[in-house]
Amino acid sequence: MSDLRDKVVIVTGGSGGLGAATAACMARGGARVVVTGRDSAEGEKAAAAFGGVFLRHDVTSEDDWRSVVDATVDRYGRVDGLVNNAGIDSWSLIENETLEQFERVLKVNLTGVFLGLKAVVAPMRAAGGGSIVNIGSATGLTGHPMTSGYGAAKWGARGLTKTAAVELGRYRIRVNSVHPGLVYTPMTAAHGAQPGEGNFPLAALGRVGVPEEIGEAVSFLISDAAAYMTGADIAVDGGWTAGETAMMQHAPAPGDTA
């Protein structure tokens with residue numbers, strides 16, 4: 001467990017799934033966590049589970065970002081970490097994707113990340129530095145069908161991560177991205193994902209991930225243990241993007257005969 005004592009961290013999209021699990025992981029590490037989201041009922045429940053604070057938040061609104069950051073500084077005096085986790089999905093072939101849906105996904109998953117980066121620079125500079133983690137996706141590392149808007153946004157956020165890392169390093173603000181593979185959450189369950197061993201042969205480890213595994217990776221990057229890491233892409237995907245793992249799952253083991 002990463003040591004996050006005395007860290008003040010904002011986690012967007014923290015009402016459930018990856019965001020809630022990540023917020024809980026950091027709270028266990030000693031962080032004071034502010035959870036944000038659009039679902040007040042679920043957000044309050046998630047924050048209450050570990051003694052955190054919930055703030056209602058539309059990540060596409062610059063005014064909302066200003067309010068969230070101001071409220072966090074008013075309450076705790078500083079902002080040390082930001083996890084840009086909020087996002088929506090979209091599954092459609094390019095020829096069937098509407099412009100409205102494509103732009104909506106970009107606005108939440110990419111513009112929301114930009115606004116978050118911009119909003120925390122001043123308080124992090126005042127605190128002497130900080131750490132930002134943008135939640136990407138395996139679709140931001142390789143091409144996947146049916147993900148035109150989602151994939152474009154995640155690739156964009158990956159590039160924005162590197163730009164921010166270069167710009168903000170002078171202020172001791174680190175910016176990294178974590179790219180989950182298939183992880184069991186309400187979002188992926190709606191598309192048929194199931195937990196358990198042997199249920200995802202595309203990954204080298206042969207299974208769907210669980211949210212806490214992403215949360216631990218994010219917690220490490222927020223912590224001082226990752227003090228020399230910035231601009232990095234961290235795949236937490238069971239080896240899904242490492243290579244032709246689906247084929248390798250059926251290859252004979254060393255010493256076996258085909």
# chains A, B, ... in the order shown; residues from 1 in each chain; ligands from 1

$ residues_around --residues "Gly29 (chain A)" --least-positions-apart "3" --cutoff "9 Å" --atoms "only C-alpha atoms" --output "list in words"
Met1, Ser2, Asp3, Leu4, Arg5, Ala24, Cys25, Met26 and Ser219 of chain A

$ select_by_dssp --residues "region 13-180 of chain A" --states "alpha helix (DSSP H)" --output "NGL selection string"
:A and (17-28 or 40-48 or 62-76 or 99-106 or 112-127 or 148-168)

$ atom_distance --atom1 "CA of Ala203 (chain A)" --atom2 "CA of Thr241 (chain A)"
7.7 Å

$ residues_around --residues "Gly129 (chain A)" --least-positions-apart "2" --cutoff "8 Å" --atoms "only C-alpha atoms" --output "VMD selection string"
chain A and resid 80 124 to 127 131 171 to 174

$ closest_residue --among "A:Thr72, A:Thr188, A:Asn176, A:Thr60" --to "Gly112 (chain A)" --atoms "only C-alpha atoms"
A:Thr60

$ closest_residue --among "A:Ser61, A:Val68, A:Asn84, A:Ala190" --to "Val34 (chain A)" --atoms "only C-alpha atoms"
A:Val68

$ closest_residue --among "A:Val8, A:Val175, A:Val69, A:Ala46" --to "Gly30 (chain A)" --atoms "only C-alpha atoms"
A:Val8

$ residues_around --residues "Ile214 (chain A)" --least-positions-apart "6" --cutoff "12 Å" --atoms "only C-alpha atoms" --output "VMD selection string"
chain A and resid 17 to 26 83 85 133 to 137 177 to 185 208 220 to 221 234 to 238
